[in-house]
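A short write-up of the structure that comes next.
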Amino acid sequence: MRELPEGEAEMMDVRIVSQRGVTREQALELVVEAREIAARFPNDPGVLTALAEAQYDAGNDDAAITAADRAIAIDPMRPNAYVQKGYALFRKAEDADDPETAYSEAMKAFSALNKIENDHPVPLIYYYRSFVERGLPPNENARHALEWASRLAPFDQGLAMNAALMLAEEGKIGLAKFTLEPLATNPHGGSLSEQARDYLDMLKLAEEGTSWHPGATILTKAVVDAEKPGESGNAED
């Protein structure tokens with residue numbers, strides 16, 4: 001186990017809170033602390049990566065991108081720096097005058113992450129999202145990416161639900177059931193588990209090779225708001 005540099009050690013509490021998830025008020029308080037630490041350790045890539053996450057959580061997309069770029073310039077092997085840059089660029093793309101160019105630019109950060117860590121689920125999820133957000137039907141590669149992401153992050157219940165619904169719509173009923181079953185039997189899954197059980201009951205009547213979906217197109221939070229880096233355990237600095 002490597003000894004943390006002084007800056008990263010000081011930023012550890014900020015990282016833990018950020019990756020656990022914060023409210024808007026908490027984010028605005030946390031980013032102040034992150035900035036203060038980063039001002040003392042301006043060349044520490046771990047500090048800058050944590051700053052990028054805090055800036056993103058606080059809604060400061062441009063500042064998040066700047067911090068992430070600085071971290072990557074110093075240490076290009078920081079996965080979470082690419083994640084935070086991609087998150088920020090994706091959020092900016094939502095209101096861009098030229099969405100096509102904006103989403104293409106946002107995907108560059110995730111593509112760069114995929115090159116250094118090809119089993120990271122976030123680039124795969126956001127590749128799928130890049131179609132959904134533009135109102136385009138995901139192509140075969142995007143659908144495969146979402147399916148593979150659900151295998152890489154088996155404990156992400158929202159992601160599993162989205163993958164199962166996608167598979168069912170493709171007519172892959174057996175795979176959809178297989179994907180839903182762990183979610184349906186999760187005693188701590190709450191309403192999502194209940195929904196999975198309902199879908200499994202409905203799928204009993206579906207024939208393999210026949211497209212199935214539960215009415216309106218459903219995109220759960222895992223695709224519309226992909227998980228924060230720490231939740232899947234794949235976005236370490």
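Going through the structure tokens in order, the chains are called A, B, and so on, while each chain numbers its residues from 1 and the ligands are numbered from 1 in the order shown.
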
Do a neighbour search on segment 144-157 of chain A at 7 Å with only C-alpha atoms, toss out local chain neighbours closer than 2 positions, and write the hits as a PyMOL selection string.
chain A and resi 119+121+124-125+128+140-142+159-161+163+183+232

Please provide as an MDAnalysis selection string all residues within 10 Å of Met77 of chain A, with the sequence filter that same-chain residues fewer than 5 positions apart are discarded (counting only C-alpha atoms).
chainID A and resid 45 71:72 82 113 116:117 237

For the residues in the current selection, export N, CA, C and O atoms as a PDB file, in the first residue's frame.
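Written out: selection.pdb:
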ATOM      1  N   PRO A  45      -1.775  15.775  -8.343  1.00  0.00           N
ATOM      2  CA  PRO A  45      -2.863  15.301  -9.199  1.00  0.00           C
ATOM      3  C   PRO A  45      -4.020  14.683  -8.432  1.00  0.00           C
ATOM      4  O   PRO A  45      -5.179  14.773  -8.860  1.00  0.00           O
ATOM      5  N   ALA A  71      -5.022  17.852 -13.494  1.00  0.00           N
ATOM      6  CA  ALA A  71      -4.651  16.560 -12.906  1.00  0.00           C
ATOM      7  C   ALA A  71      -4.131  15.614 -13.982  1.00  0.00           C
ATOM      8  O   ALA A  71      -3.101  14.944 -13.806  1.00  0.00           O
ATOM      9  N   ILE A  72      -4.826  15.565 -15.112  1.00  0.00           N
ATOM     10  CA  ILE A  72      -4.446  14.661 -16.200  1.00  0.00           C
ATOM     11  C   ILE A  72      -3.097  15.060 -16.792  1.00  0.00           C
ATOM     12  O   ILE A  72      -2.288  14.197 -17.167  1.00  0.00           O
ATOM     13  N   TYR A  82     -10.711  11.799 -15.509  1.00  0.00           N
ATOM     14  CA  TYR A  82     -11.443  11.679 -16.771  1.00  0.00           C
ATOM     15  C   TYR A  82     -12.950  11.592 -16.523  1.00  0.00           C
ATOM     16  O   TYR A  82     -13.745  12.158 -17.281  1.00  0.00           O
ATOM     17  N   LEU A 113     -10.543   7.663 -21.019  1.00  0.00           N
ATOM     18  CA  LEU A 113     -10.585   6.794 -19.838  1.00  0.00           C
ATOM     19  C   LEU A 113     -10.629   5.333 -20.271  1.00  0.00           C
ATOM     20  O   LEU A 113      -9.947   4.482 -19.693  1.00  0.00           O
ATOM     21  N   ILE A 116      -7.263   3.773 -20.925  1.00  0.00           N
ATOM     22  CA  ILE A 116      -6.374   3.423 -19.809  1.00  0.00           C
ATOM     23  C   ILE A 116      -7.017   2.414 -18.863  1.00  0.00           C
ATOM     24  O   ILE A 116      -6.328   1.786 -18.072  1.00  0.00           O
ATOM     25  N   GLU A 117      -8.333   2.253 -18.943  1.00  0.00           N
ATOM     26  CA  GLU A 117      -9.031   1.299 -18.069  1.00  0.00           C
ATOM     27  C   GLU A 117     -10.264   0.790 -18.825  1.00  0.00           C
ATOM     28  O   GLU A 117     -11.367   1.301 -18.657  1.00  0.00           O
ATOM     29  N   ASP A 237      -9.024   7.347  -7.813  1.00  0.00           N
ATOM     30  CA  ASP A 237      -8.080   8.306  -8.370  1.00  0.00           C
ATOM     31  C   ASP A 237      -6.900   7.575  -8.971  1.00  0.00           C
ATOM     32  O   ASP A 237      -6.203   8.128  -9.772  1.00  0.00           O
TER      33      ASP A 237
END

DSSP says helix (DSSP H, G or I) for which residues of segment 80-181 of chain A? Put them as a PyMOL selection string?
chain A and resi 80-93+99-116+121-132+140-152+157-169+173-181

The selected residues should be written to file as a PDB file, in the first residue's frame (atoms: C-alpha atoms).
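Final output, out.pdb:
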ATOM      1  CA  ASN A  80     -11.513   9.769 -11.795  1.00  0.00           C
ATOM      2  CA  ALA A  81     -10.104  12.896 -13.434  1.00  0.00           C
ATOM      3  CA  TYR A  82     -11.443  11.679 -16.771  1.00  0.00           C
ATOM      4  CA  VAL A  83     -14.751  10.727 -15.141  1.00  0.00           C
ATOM      5  CA  GLN A  84     -15.275  14.168 -13.637  1.00  0.00           C
ATOM      6  CA  LYS A  85     -14.275  15.916 -16.862  1.00  0.00           C
ATOM      7  CA  GLY A  86     -16.707  13.733 -18.790  1.00  0.00           C
ATOM      8  CA  TYR A  87     -19.506  14.357 -16.302  1.00  0.00           C
ATOM      9  CA  ALA A  88     -19.017  18.110 -16.548  1.00  0.00           C
ATOM     10  CA  LEU A  89     -18.811  18.137 -20.331  1.00  0.00           C
ATOM     11  CA  PHE A  90     -21.911  15.972 -20.558  1.00  0.00           C
ATOM     12  CA  ARG A  91     -23.877  18.318 -18.321  1.00  0.00           C
ATOM     13  CA  LYS A  92     -22.754  21.314 -20.371  1.00  0.00           C
ATOM     14  CA  ALA A  93     -23.851  19.511 -23.535  1.00  0.00           C
ATOM     15  CA  PRO A  99     -25.541  19.325 -29.064  1.00  0.00           C
ATOM     16  CA  GLU A 100     -23.935  17.058 -31.665  1.00  0.00           C
ATOM     17  CA  THR A 101     -20.540  18.711 -31.263  1.00  0.00           C
ATOM     18  CA  ALA A 102     -20.941  19.073 -27.500  1.00  0.00           C
ATOM     19  CA  TYR A 103     -21.744  15.407 -26.891  1.00  0.00           C
ATOM     20  CA  SER A 104     -18.960  14.353 -29.242  1.00  0.00           C
ATOM     21  CA  GLU A 105     -16.536  16.474 -27.208  1.00  0.00           C
ATOM     22  CA  ALA A 106     -17.879  15.061 -23.944  1.00  0.00           C
ATOM     23  CA  MET A 107     -17.314  11.501 -25.128  1.00  0.00           C
ATOM     24  CA  LYS A 108     -13.625  12.248 -25.747  1.00  0.00           C
ATOM     25  CA  ALA A 109     -12.993  12.261 -21.997  1.00  0.00           C
ATOM     26  CA  PHE A 110     -14.694   8.895 -21.573  1.00  0.00           C
ATOM     27  CA  SER A 111     -12.915   7.472 -24.619  1.00  0.00           C
ATOM     28  CA  ALA A 112      -9.600   8.525 -23.084  1.00  0.00           C
ATOM     29  CA  LEU A 113     -10.585   6.794 -19.838  1.00  0.00           C
ATOM     30  CA  ASN A 114     -11.537   3.654 -21.753  1.00  0.00           C
ATOM     31  CA  LYS A 115      -8.027   3.549 -23.228  1.00  0.00           C
ATOM     32  CA  ILE A 116      -6.374   3.423 -19.809  1.00  0.00           C
ATOM     33  CA  PRO A 121     -18.352   0.907 -16.699  1.00  0.00           C
ATOM     34  CA  VAL A 122     -18.838   4.688 -16.812  1.00  0.00           C
ATOM     35  CA  PRO A 123     -17.582   5.240 -20.394  1.00  0.00           C
ATOM     36  CA  LEU A 124     -19.865   2.419 -21.553  1.00  0.00           C
ATOM     37  CA  ILE A 125     -22.888   3.895 -19.792  1.00  0.00           C
ATOM     38  CA  TYR A 126     -22.217   7.340 -21.184  1.00  0.00           C
ATOM     39  CA  TYR A 127     -21.695   6.038 -24.686  1.00  0.00           C
ATOM     40  CA  TYR A 128     -25.245   4.693 -24.492  1.00  0.00           C
ATOM     41  CA  ARG A 129     -26.434   7.939 -22.940  1.00  0.00           C
ATOM     42  CA  SER A 130     -24.864   9.960 -25.745  1.00  0.00           C
ATOM     43  CA  PHE A 131     -27.533   8.527 -28.037  1.00  0.00           C
ATOM     44  CA  VAL A 132     -30.405   8.808 -25.571  1.00  0.00           C
ATOM     45  CA  GLU A 140     -25.746  -1.969 -31.706  1.00  0.00           C
ATOM     46  CA  ASN A 141     -22.409  -0.921 -30.199  1.00  0.00           C
ATOM     47  CA  ALA A 142     -24.143   1.346 -27.687  1.00  0.00           C
ATOM     48  CA  ARG A 143     -26.576  -1.387 -26.668  1.00  0.00           C
ATOM     49  CA  HIS A 144     -23.726  -3.837 -26.255  1.00  0.00           C
ATOM     50  CA  ALA A 145     -21.875  -1.233 -24.177  1.00  0.00           C
ATOM     51  CA  LEU A 146     -24.792  -0.898 -21.748  1.00  0.00           C
ATOM     52  CA  GLU A 147     -25.119  -4.669 -21.441  1.00  0.00           C
ATOM     53  CA  TRP A 148     -21.389  -5.048 -20.796  1.00  0.00           C
ATOM     54  CA  ALA A 149     -21.437  -2.204 -18.251  1.00  0.00           C
ATOM     55  CA  SER A 150     -24.107  -4.039 -16.263  1.00  0.00           C
ATOM     56  CA  ARG A 151     -21.835  -7.081 -16.115  1.00  0.00           C
ATOM     57  CA  LEU A 152     -18.868  -4.996 -14.993  1.00  0.00           C
ATOM     58  CA  GLN A 157     -29.291  -2.064  -9.553  1.00  0.00           C
ATOM     59  CA  GLY A 158     -30.448   0.824 -11.714  1.00  0.00           C
ATOM     60  CA  LEU A 159     -27.981  -0.161 -14.398  1.00  0.00           C
ATOM     61  CA  ALA A 160     -29.201  -3.770 -14.262  1.00  0.00           C
ATOM     62  CA  MET A 161     -32.785  -2.599 -14.705  1.00  0.00           C
ATOM     63  CA  ASN A 162     -31.888  -0.522 -17.749  1.00  0.00           C
ATOM     64  CA  ALA A 163     -29.901  -3.339 -19.310  1.00  0.00           C
ATOM     65  CA  ALA A 164     -32.740  -5.805 -18.730  1.00  0.00           C
ATOM     66  CA  LEU A 165     -35.306  -3.504 -20.329  1.00  0.00           C
ATOM     67  CA  MET A 166     -33.027  -2.941 -23.298  1.00  0.00           C
ATOM     68  CA  LEU A 167     -32.505  -6.695 -23.728  1.00  0.00           C
ATOM     69  CA  ALA A 168     -36.257  -7.334 -23.511  1.00  0.00           C
ATOM     70  CA  GLU A 169     -36.917  -4.716 -26.152  1.00  0.00           C
ATOM     71  CA  ILE A 173     -36.209 -12.426 -23.199  1.00  0.00           C
ATOM     72  CA  GLY A 174     -34.063 -15.080 -21.546  1.00  0.00           C
ATOM     73  CA  LEU A 175     -31.175 -12.673 -20.990  1.00  0.00           C
ATOM     74  CA  ALA A 176     -33.573 -10.012 -19.727  1.00  0.00           C
ATOM     75  CA  LYS A 177     -34.960 -12.436 -17.142  1.00  0.00           C
ATOM     76  CA  PHE A 178     -31.452 -13.518 -16.162  1.00  0.00           C
ATOM     77  CA  THR A 179     -30.489  -9.869 -15.612  1.00  0.00           C
ATOM     78  CA  LEU A 180     -33.630  -9.080 -13.602  1.00  0.00           C
ATOM     79  CA  GLU A 181     -33.548 -12.098 -11.298  1.00  0.00           C
TER      80      GLU A 181
END

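Using only C-alpha atoms, the nearest neighbour of Ala39 of chain A within the list A:Gln19, A:Thr185, A:Tyr56, A:Ala67 is A:Ala67.
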
Report as a ChimeraX atom specification all protein, DNA and RNA residues lying within 10 Å of Ala38 of chain A, evaluated on only C-alpha atoms, omitting residues in the same chain fewer than 5 positions from it.
/A:7-8,10-11,32-33,43-51,67

Rank A:Met12, A:Ala63, A:Val22, A:Ala68 by their smallest atom-to-atom distance to Ile37 of chain A, using only C-alpha atoms, and report the top residue only.
A:Met12

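Going from atom CA of Ile16 of chain A to atom CA of Arg35 of chain A covers 15.7 Å.
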
Atom CA of Leu4 of chain A sits from atom CA of Asn118 of chain A at a separation of 25.5 Å

Which residues, written as a VMD selection string, have at least one atom at most 8 Å from Ala54 of chain A, with only C-alpha atoms counted and residues fewer than 6 positions away on the same chain left out?
chain A and resid 14 18 27 30 to 31 34 64

May I have the selected residues written with N, CA, C and O atoms, as a PDB file, in the first residue's frame?
ATOM      1  N   VAL A  14     -12.509  15.094   2.118  1.00  0.00           N
ATOM      2  CA  VAL A  14     -13.315  15.656   1.026  1.00  0.00           C
ATOM      3  C   VAL A  14     -13.683  14.556   0.040  1.00  0.00           C
ATOM      4  O   VAL A  14     -14.838  14.448  -0.394  1.00  0.00           O
ATOM      5  N   SER A  18     -17.463  13.351  -0.872  1.00  0.00           N
ATOM      6  CA  SER A  18     -17.881  13.497  -2.268  1.00  0.00           C
ATOM      7  C   SER A  18     -18.368  12.185  -2.854  1.00  0.00           C
ATOM      8  O   SER A  18     -19.422  12.113  -3.490  1.00  0.00           O
ATOM      9  N   ALA A  27     -22.501  20.194  -1.042  1.00  0.00           N
ATOM     10  CA  ALA A  27     -21.528  20.378  -2.127  1.00  0.00           C
ATOM     11  C   ALA A  27     -20.940  21.777  -2.107  1.00  0.00           C
ATOM     12  O   ALA A  27     -19.737  21.957  -2.322  1.00  0.00           O
ATOM     13  N   LEU A  30     -18.501  21.884   0.728  1.00  0.00           N
ATOM     14  CA  LEU A  30     -17.344  21.021   0.529  1.00  0.00           C
ATOM     15  C   LEU A  30     -16.365  21.605  -0.489  1.00  0.00           C
ATOM     16  O   LEU A  30     -15.150  21.470  -0.339  1.00  0.00           O
ATOM     17  N   VAL A  31     -16.888  22.269  -1.509  1.00  0.00           N
ATOM     18  CA  VAL A  31     -16.003  22.799  -2.543  1.00  0.00           C
ATOM     19  C   VAL A  31     -15.110  23.913  -1.990  1.00  0.00           C
ATOM     20  O   VAL A  31     -13.982  24.093  -2.466  1.00  0.00           O
ATOM     21  N   ALA A  34     -12.266  22.090  -0.469  1.00  0.00           N
ATOM     22  CA  ALA A  34     -11.443  21.504  -1.531  1.00  0.00           C
ATOM     23  C   ALA A  34     -10.563  22.561  -2.187  1.00  0.00           C
ATOM     24  O   ALA A  34      -9.388  22.314  -2.489  1.00  0.00           O
ATOM     25  N   ALA A  64     -14.563  22.394 -12.869  1.00  0.00           N
ATOM     26  CA  ALA A  64     -14.312  20.955 -12.760  1.00  0.00           C
ATOM     27  C   ALA A  64     -13.442  20.482 -13.925  1.00  0.00           C
ATOM     28  O   ALA A  64     -12.493  19.700 -13.733  1.00  0.00           O
TER      29      ALA A  64
END
